[in-house]
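Asks: Structure file work.pdb (PDB, C-alpha atoms) right here:
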```pdb
ATOM      1  CA  MET A   1     -22.199 -17.197  90.172  1.00  0.00           C
ATOM      2  CA  ARG A   2     -19.716 -15.626  87.785  1.00  0.00           C
ATOM      3  CA  GLY A   3     -16.213 -15.198  89.084  1.00  0.00           C
ATOM      4  CA  TRP A   4     -13.506 -12.794  87.950  1.00  0.00           C
ATOM      5  CA  TRP A   5     -11.925 -15.618  85.956  1.00  0.00           C
ATOM      6  CA  GLN A   6     -15.133 -16.081  83.937  1.00  0.00           C
ATOM      7  CA  ASN A   7     -15.227 -12.370  83.125  1.00  0.00           C
ATOM      8  CA  LEU A   8     -11.572 -12.573  82.038  1.00  0.00           C
ATOM      9  CA  THR A   9     -12.183 -15.565  79.758  1.00  0.00           C
ATOM     10  CA  ASP A  10     -15.038 -13.650  78.098  1.00  0.00           C
ATOM     11  CA  LEU A  11     -12.451 -11.090  77.022  1.00  0.00           C
ATOM     12  CA  VAL A  12      -9.717 -13.521  75.925  1.00  0.00           C
ATOM     13  CA  LEU A  13     -11.366 -16.618  74.474  1.00  0.00           C
ATOM     14  CA  PRO A  14     -13.494 -16.736  71.336  1.00  0.00           C
ATOM     15  CA  THR A  15     -17.165 -16.387  72.037  1.00  0.00           C
ATOM     16  CA  GLU A  16     -20.392 -16.995  70.151  1.00  0.00           C
ATOM     17  CA  CYS A  17     -23.041 -14.580  68.940  1.00  0.00           C
ATOM     18  CA  GLY A  18     -25.635 -13.955  71.637  1.00  0.00           C
ATOM     19  CA  GLY A  19     -28.391 -13.918  69.021  1.00  0.00           C
ATOM     20  CA  CYS A  20     -27.722 -16.858  66.709  1.00  0.00           C
ATOM     21  CA  GLY A  21     -24.750 -18.732  68.181  1.00  0.00           C
ATOM     22  CA  ARG A  22     -22.369 -17.997  65.287  1.00  0.00           C
ATOM     23  CA  PRO A  23     -18.807 -18.502  66.564  1.00  0.00           C
ATOM     24  CA  ARG A  24     -16.324 -15.706  67.195  1.00  0.00           C
ATOM     25  CA  ALA A  25     -18.780 -12.833  67.467  1.00  0.00           C
ATOM     26  CA  VAL A  26     -20.342 -11.242  70.530  1.00  0.00           C
ATOM     27  CA  LEU A  27     -23.154 -10.141  68.230  1.00  0.00           C
ATOM     28  CA  CYS A  28     -22.879 -10.899  64.519  1.00  0.00           C
ATOM     29  CA  PRO A  29     -23.804  -8.203  61.954  1.00  0.00           C
ATOM     30  CA  GLU A  30     -27.178  -9.807  61.207  1.00  0.00           C
ATOM     31  CA  CYS A  31     -28.189 -10.014  64.854  1.00  0.00           C
ATOM     32  CA  ARG A  32     -26.888  -6.481  65.523  1.00  0.00           C
ATOM     33  CA  ALA A  33     -29.071  -5.264  62.629  1.00  0.00           C
ATOM     34  CA  ALA A  34     -32.096  -7.029  64.156  1.00  0.00           C
ATOM     35  CA  LEU A  35     -31.404  -5.266  67.463  1.00  0.00           C
ATOM     36  CA  VAL A  36     -30.449  -1.744  66.369  1.00  0.00           C
ATOM     37  CA  GLY A  37     -30.872  -1.679  62.586  1.00  0.00           C
ATOM     38  CA  ALA A  38     -34.490  -0.524  62.417  1.00  0.00           C
ATOM     39  CA  ALA A  39     -35.994   2.599  63.933  1.00  0.00           C
ATOM     40  CA  PRO A  40     -37.652   2.064  67.310  1.00  0.00           C
ATOM     41  CA  ARG A  41     -41.417   1.864  67.034  1.00  0.00           C
ATOM     42  CA  ARG A  42     -44.271   2.841  69.278  1.00  0.00           C
ATOM     43  CA  VAL A  43     -45.935  -0.069  71.060  1.00  0.00           C
ATOM     44  CA  ARG A  44     -49.287  -0.194  72.819  1.00  0.00           C
ATOM     45  CA  PRO A  45     -50.914  -2.906  74.857  1.00  0.00           C
ATOM     46  CA  VAL A  46     -54.460  -3.920  73.993  1.00  0.00           C
ATOM     47  CA  PRO A  47     -56.470  -2.669  75.742  1.00  0.00           C
ATOM     48  CA  GLU A  48     -54.380   0.448  76.397  1.00  0.00           C
ATOM     49  CA  PRO A  49     -54.754   1.660  79.996  1.00  0.00           C
ATOM     50  CA  PRO A  50     -55.822   5.287  80.390  1.00  0.00           C
ATOM     51  CA  GLY A  51     -52.881   7.597  81.077  1.00  0.00           C
ATOM     52  CA  LEU A  52     -50.228   5.227  79.750  1.00  0.00           C
ATOM     53  CA  PRO A  53     -47.264   7.297  78.581  1.00  0.00           C
ATOM     54  CA  VAL A  54     -45.916   6.819  75.075  1.00  0.00           C
ATOM     55  CA  VAL A  55     -43.786   3.656  74.943  1.00  0.00           C
ATOM     56  CA  TYR A  56     -41.244   2.740  72.269  1.00  0.00           C
ATOM     57  CA  ALA A  57     -39.602  -0.615  71.655  1.00  0.00           C
ATOM     58  CA  ALA A  58     -36.112  -0.879  70.196  1.00  0.00           C
ATOM     59  CA  ALA A  59     -37.021  -4.076  68.348  1.00  0.00           C
ATOM     60  CA  PRO A  60     -39.627  -6.849  68.490  1.00  0.00           C
ATOM     61  CA  TYR A  61     -38.947  -9.247  71.369  1.00  0.00           C
ATOM     62  CA  GLU A  62     -38.448 -12.329  69.222  1.00  0.00           C
ATOM     63  CA  ASP A  63     -35.803 -14.497  67.570  1.00  0.00           C
ATOM     64  CA  GLU A  64     -32.272 -12.999  67.709  1.00  0.00           C
ATOM     65  CA  VAL A  65     -33.266 -10.048  69.882  1.00  0.00           C
ATOM     66  CA  ARG A  66     -34.861 -12.317  72.488  1.00  0.00           C
ATOM     67  CA  ALA A  67     -31.886 -14.683  72.369  1.00  0.00           C
ATOM     68  CA  ALA A  68     -29.390 -11.837  72.858  1.00  0.00           C
ATOM     69  CA  LEU A  69     -31.300 -10.399  75.798  1.00  0.00           C
ATOM     70  CA  LEU A  70     -31.588 -13.816  77.457  1.00  0.00           C
ATOM     71  CA  ALA A  71     -27.888 -14.544  76.803  1.00  0.00           C
ATOM     72  CA  HIS A  72     -26.976 -11.352  78.653  1.00  0.00           C
ATOM     73  CA  LYS A  73     -29.518 -11.812  81.405  1.00  0.00           C
ATOM     74  CA  GLU A  74     -29.381 -15.537  82.121  1.00  0.00           C
ATOM     75  CA  ARG A  75     -26.061 -16.759  80.716  1.00  0.00           C
ATOM     76  CA  GLY A  76     -23.898 -13.806  81.725  1.00  0.00           C
ATOM     77  CA  ALA A  77     -22.872 -12.676  78.224  1.00  0.00           C
ATOM     78  CA  LEU A  78     -21.714  -9.363  79.672  1.00  0.00           C
ATOM     79  CA  MET A  79     -20.326  -8.024  76.393  1.00  0.00           C
ATOM     80  CA  LEU A  80     -23.920  -7.764  75.126  1.00  0.00           C
ATOM     81  CA  ALA A  81     -24.657  -4.905  77.538  1.00  0.00           C
ATOM     82  CA  GLY A  82     -23.205  -2.432  75.013  1.00  0.00           C
ATOM     83  CA  PRO A  83     -25.390  -3.359  72.023  1.00  0.00           C
ATOM     84  CA  LEU A  84     -28.452  -3.796  74.251  1.00  0.00           C
ATOM     85  CA  GLY A  85     -27.790  -0.383  75.815  1.00  0.00           C
ATOM     86  CA  GLU A  86     -27.424   1.132  72.349  1.00  0.00           C
ATOM     87  CA  ALA A  87     -30.834  -0.273  71.401  1.00  0.00           C
ATOM     88  CA  LEU A  88     -32.404   1.010  74.619  1.00  0.00           C
ATOM     89  CA  ALA A  89     -30.896   4.470  74.057  1.00  0.00           C
ATOM     90  CA  GLY A  90     -32.469   4.561  70.591  1.00  0.00           C
ATOM     91  CA  ALA A  91     -35.886   3.713  72.013  1.00  0.00           C
ATOM     92  CA  VAL A  92     -35.519   6.374  74.716  1.00  0.00           C
ATOM     93  CA  ARG A  93     -34.532   8.982  72.089  1.00  0.00           C
ATOM     94  CA  ALA A  94     -37.571   8.050  69.987  1.00  0.00           C
ATOM     95  CA  GLY A  95     -39.863   8.406  72.987  1.00  0.00           C
ATOM     96  CA  LEU A  96     -38.392  11.770  73.935  1.00  0.00           C
ATOM     97  CA  THR A  97     -38.623  13.086  70.389  1.00  0.00           C
ATOM     98  CA  SER A  98     -42.260  12.041  70.033  1.00  0.00           C
ATOM     99  CA  GLY A  99     -43.079  13.570  73.411  1.00  0.00           C
ATOM    100  CA  GLY A 100     -41.701  16.977  72.453  1.00  0.00           C
ATOM    101  CA  VAL A 101     -38.893  16.917  75.021  1.00  0.00           C
ATOM    102  CA  PRO A 102     -36.197  19.463  74.119  1.00  0.00           C
ATOM    103  CA  PRO A 103     -32.942  17.777  72.979  1.00  0.00           C
ATOM    104  CA  ALA A 104     -30.894  19.327  75.792  1.00  0.00           C
ATOM    105  CA  ALA A 105     -33.320  18.383  78.567  1.00  0.00           C
ATOM    106  CA  PRO A 106     -31.843  16.134  81.247  1.00  0.00           C
ATOM    107  CA  VAL A 107     -33.091  12.556  81.219  1.00  0.00           C
ATOM    108  CA  LEU A 108     -33.151  10.169  84.153  1.00  0.00           C
ATOM    109  CA  LEU A 109     -32.842   6.520  83.246  1.00  0.00           C
ATOM    110  CA  ALA A 110     -33.988   4.341  86.151  1.00  0.00           C
ATOM    111  CA  PRO A 111     -33.768   0.566  85.664  1.00  0.00           C
ATOM    112  CA  VAL A 112     -36.219  -1.617  87.518  1.00  0.00           C
ATOM    113  CA  PRO A 113     -34.041  -3.119  90.230  1.00  0.00           C
ATOM    114  CA  SER A 114     -33.481  -6.844  90.122  1.00  0.00           C
ATOM    115  CA  ALA A 115     -34.177  -8.875  93.223  1.00  0.00           C
ATOM    116  CA  ARG A 116     -31.073  -9.424  95.341  1.00  0.00           C
ATOM    117  CA  ARG A 117     -31.504 -13.175  95.037  1.00  0.00           C
ATOM    118  CA  ALA A 118     -31.563 -12.930  91.217  1.00  0.00           C
ATOM    119  CA  VAL A 119     -28.459 -10.715  91.191  1.00  0.00           C
ATOM    120  CA  ARG A 120     -26.619 -13.217  93.391  1.00  0.00           C
ATOM    121  CA  ALA A 121     -27.718 -16.163  91.232  1.00  0.00           C
ATOM    122  CA  ARG A 122     -26.757 -14.430  87.970  1.00  0.00           C
ATOM    123  CA  GLY A 123     -23.622 -12.783  89.312  1.00  0.00           C
ATOM    124  CA  HIS A 124     -24.682  -9.432  87.851  1.00  0.00           C
ATOM    125  CA  ASP A 125     -27.615  -7.047  87.478  1.00  0.00           C
ATOM    126  CA  PRO A 126     -28.512  -7.098  83.757  1.00  0.00           C
ATOM    127  CA  ALA A 127     -31.030  -4.226  83.867  1.00  0.00           C
ATOM    128  CA  ARG A 128     -28.486  -1.978  85.570  1.00  0.00           C
ATOM    129  CA  ARG A 129     -25.735  -2.902  83.081  1.00  0.00           C
ATOM    130  CA  ILE A 130     -28.001  -2.191  80.107  1.00  0.00           C
ATOM    131  CA  ALA A 131     -29.203   1.108  81.613  1.00  0.00           C
ATOM    132  CA  LEU A 132     -25.601   2.208  82.252  1.00  0.00           C
ATOM    133  CA  ALA A 133     -24.669   1.352  78.681  1.00  0.00           C
ATOM    134  CA  ALA A 134     -27.707   3.283  77.405  1.00  0.00           C
ATOM    135  CA  ALA A 135     -26.788   6.295  79.549  1.00  0.00           C
ATOM    136  CA  GLY A 136     -23.332   6.250  77.948  1.00  0.00           C
ATOM    137  CA  GLU A 137     -24.984   6.628  74.538  1.00  0.00           C
TER     138      GLU A 137
END
```
Could I get this file's structure written as structure tokens?

Replies:
Amino acid sequence: MRGWWQNLTDLVLPTECGGCGRPRAVLCPECRAALVGAAPRRVRPVPEPPGLPVVYAAAPYEDEVRAALLAHKERGALMLAGPLGEALAGAVRAGLTSGGVPPAAPVLLAPVPSARRAVRARGHDPARRIALAAAGE
């Protein structure tokens, strides 16, 4: 479980990139570009279930993007919530635009709640943190 002292050291001590491990960067420029540099794209499962709403992905779930998400989720790299939220916000915007939702329409962002046991073990709720960061975008 993360304590307040661990959160404080994240702010004070040098860290490593959540995507590639490069020292002294929460997310290096290359990994940030992999996460938010390309336009979100529509994704569809095969076979696509009838009635599935349009779904957009911020980036392919591989390499640096996967590593950054797992660093936030499993290793408590809390500073990654901002870039991950930025990527999520981009995917939400793309989905709204393609669905014809007016730009001023209110949007409700509802993260899938983590199990209480998982939140206790991790010391935080990663889905909630990312959703809050996305809502701020």

Asks: Quick one: residues within 10 Å of Glu16 of chain A, all atoms listed in the file, excluding same-chain residues fewer than 6 positions away - as a list in words?

Replies: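 These residues fall inside the cut-off: Arg22, Pro23, Arg24, Ala25, Val26, Leu27, Cys28 and Ala77 of chain A.
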
Asks: Report the residues retrieved by the PyMOL selection byres ((chain A and resi 125) around 12) from the displayed file, expressed as a PyMOL selection string.

Replies: chain A and resi 1-2+72-78+81+111-124+126-132

Asks: Keeping only C-alpha atoms, write the selected residues as a PDB file, in the frame of the given file.

Replies:
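And here is the file that came out, part.pdb:
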```
ATOM      1  CA  MET A   1     -22.199 -17.197  90.172  1.00  0.00           C
ATOM      2  CA  ARG A   2     -19.716 -15.626  87.785  1.00  0.00           C
ATOM      3  CA  HIS A  72     -26.976 -11.352  78.653  1.00  0.00           C
ATOM      4  CA  LYS A  73     -29.518 -11.812  81.405  1.00  0.00           C
ATOM      5  CA  GLU A  74     -29.381 -15.537  82.121  1.00  0.00           C
ATOM      6  CA  ARG A  75     -26.061 -16.759  80.716  1.00  0.00           C
ATOM      7  CA  GLY A  76     -23.898 -13.806  81.725  1.00  0.00           C
ATOM      8  CA  ALA A  77     -22.872 -12.676  78.224  1.00  0.00           C
ATOM      9  CA  LEU A  78     -21.714  -9.363  79.672  1.00  0.00           C
ATOM     10  CA  ALA A  81     -24.657  -4.905  77.538  1.00  0.00           C
ATOM     11  CA  PRO A 111     -33.768   0.566  85.664  1.00  0.00           C
ATOM     12  CA  VAL A 112     -36.219  -1.617  87.518  1.00  0.00           C
ATOM     13  CA  PRO A 113     -34.041  -3.119  90.230  1.00  0.00           C
ATOM     14  CA  SER A 114     -33.481  -6.844  90.122  1.00  0.00           C
ATOM     15  CA  ALA A 115     -34.177  -8.875  93.223  1.00  0.00           C
ATOM     16  CA  ARG A 116     -31.073  -9.424  95.341  1.00  0.00           C
ATOM     17  CA  ARG A 117     -31.504 -13.175  95.037  1.00  0.00           C
ATOM     18  CA  ALA A 118     -31.563 -12.930  91.217  1.00  0.00           C
ATOM     19  CA  VAL A 119     -28.459 -10.715  91.191  1.00  0.00           C
ATOM     20  CA  ARG A 120     -26.619 -13.217  93.391  1.00  0.00           C
ATOM     21  CA  ALA A 121     -27.718 -16.163  91.232  1.00  0.00           C
ATOM     22  CA  ARG A 122     -26.757 -14.430  87.970  1.00  0.00           C
ATOM     23  CA  GLY A 123     -23.622 -12.783  89.312  1.00  0.00           C
ATOM     24  CA  HIS A 124     -24.682  -9.432  87.851  1.00  0.00           C
ATOM     25  CA  PRO A 126     -28.512  -7.098  83.757  1.00  0.00           C
ATOM     26  CA  ALA A 127     -31.030  -4.226  83.867  1.00  0.00           C
ATOM     27  CA  ARG A 128     -28.486  -1.978  85.570  1.00  0.00           C
ATOM     28  CA  ARG A 129     -25.735  -2.902  83.081  1.00  0.00           C
ATOM     29  CA  ILE A 130     -28.001  -2.191  80.107  1.00  0.00           C
ATOM     30  CA  ALA A 131     -29.203   1.108  81.613  1.00  0.00           C
ATOM     31  CA  LEU A 132     -25.601   2.208  82.252  1.00  0.00           C
TER      32      LEU A 132
END
```

Asks: In terms of the shortest atom-to-atom distance over all atoms listed in the file, which of A:Ala67, A:Leu80, A:Ala94, A:Gly19 is closest to Arg41 of chain A?

Replies: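 Of the candidates, the smallest distance to Arg41 of chain A is held by A:Ala94.
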
Asks: Name every residue that the PyMOL selection byres ((chain A and resi 43) around 9) selects in this structure, writing the answer as a PDB file with C-alpha atoms, in the frame of the given file with chains first and numbers rising.

Replies:
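As a result, out.pdb now contains:
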```pdb
ATOM      1  CA  ARG A  41     -41.417   1.864  67.034  1.00  0.00           C
ATOM      2  CA  ARG A  42     -44.271   2.841  69.278  1.00  0.00           C
ATOM      3  CA  ARG A  44     -49.287  -0.194  72.819  1.00  0.00           C
ATOM      4  CA  PRO A  45     -50.914  -2.906  74.857  1.00  0.00           C
ATOM      5  CA  VAL A  54     -45.916   6.819  75.075  1.00  0.00           C
ATOM      6  CA  VAL A  55     -43.786   3.656  74.943  1.00  0.00           C
ATOM      7  CA  TYR A  56     -41.244   2.740  72.269  1.00  0.00           C
ATOM      8  CA  ALA A  57     -39.602  -0.615  71.655  1.00  0.00           C
TER       9      ALA A  57
END
```

Asks: In Å, how far is it from atom CA of Leu52 of chain A to atom CA of Gly37 of chain A?

Replies: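 Distance between the two atoms: 26.8 Å.
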
Asks: Run the PyMOL selection byres ((chain A and resi 36) around 8) mentally over the shown coordinates, then write out the matched residues as a count of residues only, using the chain letters and numbers from the document.

Replies: 13

Asks: For Ala110 of chain A, which residue out of A:Pro29, A:Ala134, A:Pro50, A:Ala68 is the nearest one, using all atoms listed in the file?

Replies: A:Ala134

Asks: Quick one: of A:Gly51, A:Pro40, A:Val46, A:Thr15, who's nearest to Thr97 of chain A, counting only C-alpha atoms?

Replies: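 Among A:Gly51, A:Pro40, A:Val46, A:Thr15, it is A:Pro40 that comes nearest to Thr97 of chain A.
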
Asks: Find the distance between atom CA of Ala71 of chain A and atom CA of Gly18 of chain A and write it in Å to one decimal.

Replies: 5.7 Å

Asks: Nearest to Pro53 of chain A: which of A:Leu109, A:Ala104, A:Ala135, A:Leu96 is it, counting only C-alpha atoms?

Replies: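 Under the stated criterion, the closest residue is A:Leu96.
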
Asks: Looking at only C-alpha atoms, which of A:Leu70, A:Leu84, A:Ala89, A:Ala133 is the one that sits closest to Val107 of chain A?

Replies: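 Distance minimum relative to Val107 of chain A lands on A:Ala89.
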
Asks: Work out how far apart atom CA of Glu62 of chain A and atom CA of Glu30 of chain A are and give it in Å to one decimal.

Replies: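 Straight-line distance from atom CA of Glu62 of chain A to atom CA of Glu30 of chain A works out to 14.1 Å.
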
Asks: Pick the closest to Cys31 of chain A from A:Glu48, A:Pro106, A:Val65, A:Pro60: which is it, counting all atoms listed in the file?

Replies: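 Closest candidate: A:Val65.
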
Asks: Since fewer atoms than expected are present, regenerate N, CA and C atoms for segment 12-27 of chain A and write them as a compact mmCIF listing (two decimals), in the coordinates of the input.

Replies:
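Wrote rebuild-v2.txt, looks like this:
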```
# COMPACT_ATOMS: atom_id res chain seq x y z
N VAL A 12 -10.87 -12.90 76.58
CA VAL A 12 -9.72 -13.52 75.92
C VAL A 12 -10.11 -14.62 74.94
N LEU A 13 -11.03 -15.46 75.30
CA LEU A 13 -11.37 -16.62 74.47
C LEU A 13 -12.45 -16.28 73.45
N PRO A 14 -12.44 -16.96 72.32
CA PRO A 14 -13.49 -16.74 71.34
C PRO A 14 -14.86 -17.01 71.95
N THR A 15 -15.82 -16.27 71.50
CA THR A 15 -17.16 -16.39 72.04
C THR A 15 -18.13 -16.72 70.90
N GLU A 16 -19.39 -16.77 71.19
CA GLU A 16 -20.39 -17.00 70.15
C GLU A 16 -21.41 -15.87 70.20
N CYS A 17 -22.05 -15.63 69.06
CA CYS A 17 -23.04 -14.58 68.94
C CYS A 17 -24.18 -14.84 69.92
N GLY A 18 -24.55 -13.82 70.68
CA GLY A 18 -25.64 -13.96 71.64
C GLY A 18 -26.99 -14.13 70.99
N GLY A 19 -27.11 -13.80 69.70
CA GLY A 19 -28.39 -13.92 69.02
C GLY A 19 -28.59 -15.23 68.30
N CYS A 20 -27.54 -15.66 67.55
CA CYS A 20 -27.72 -16.86 66.71
C CYS A 20 -26.72 -17.97 67.00
N GLY A 21 -25.72 -17.70 67.83
CA GLY A 21 -24.75 -18.73 68.18
C GLY A 21 -23.57 -18.84 67.24
N ARG A 22 -23.50 -17.98 66.22
CA ARG A 22 -22.37 -18.00 65.29
C ARG A 22 -21.08 -17.81 66.07
N PRO A 23 -20.05 -18.61 65.80
CA PRO A 23 -18.81 -18.50 66.56
C PRO A 23 -18.04 -17.20 66.29
N ARG A 24 -17.26 -16.83 67.27
CA ARG A 24 -16.32 -15.71 67.19
C ARG A 24 -16.97 -14.34 66.98
N ALA A 25 -18.13 -14.14 67.54
CA ALA A 25 -18.78 -12.83 67.47
C ALA A 25 -19.64 -12.64 68.70
N VAL A 26 -19.47 -11.53 69.40
CA VAL A 26 -20.34 -11.24 70.53
C VAL A 26 -21.76 -11.06 70.02
N LEU A 27 -21.88 -10.33 68.91
CA LEU A 27 -23.15 -10.14 68.23
C LEU A 27 -22.82 -9.97 66.75
```
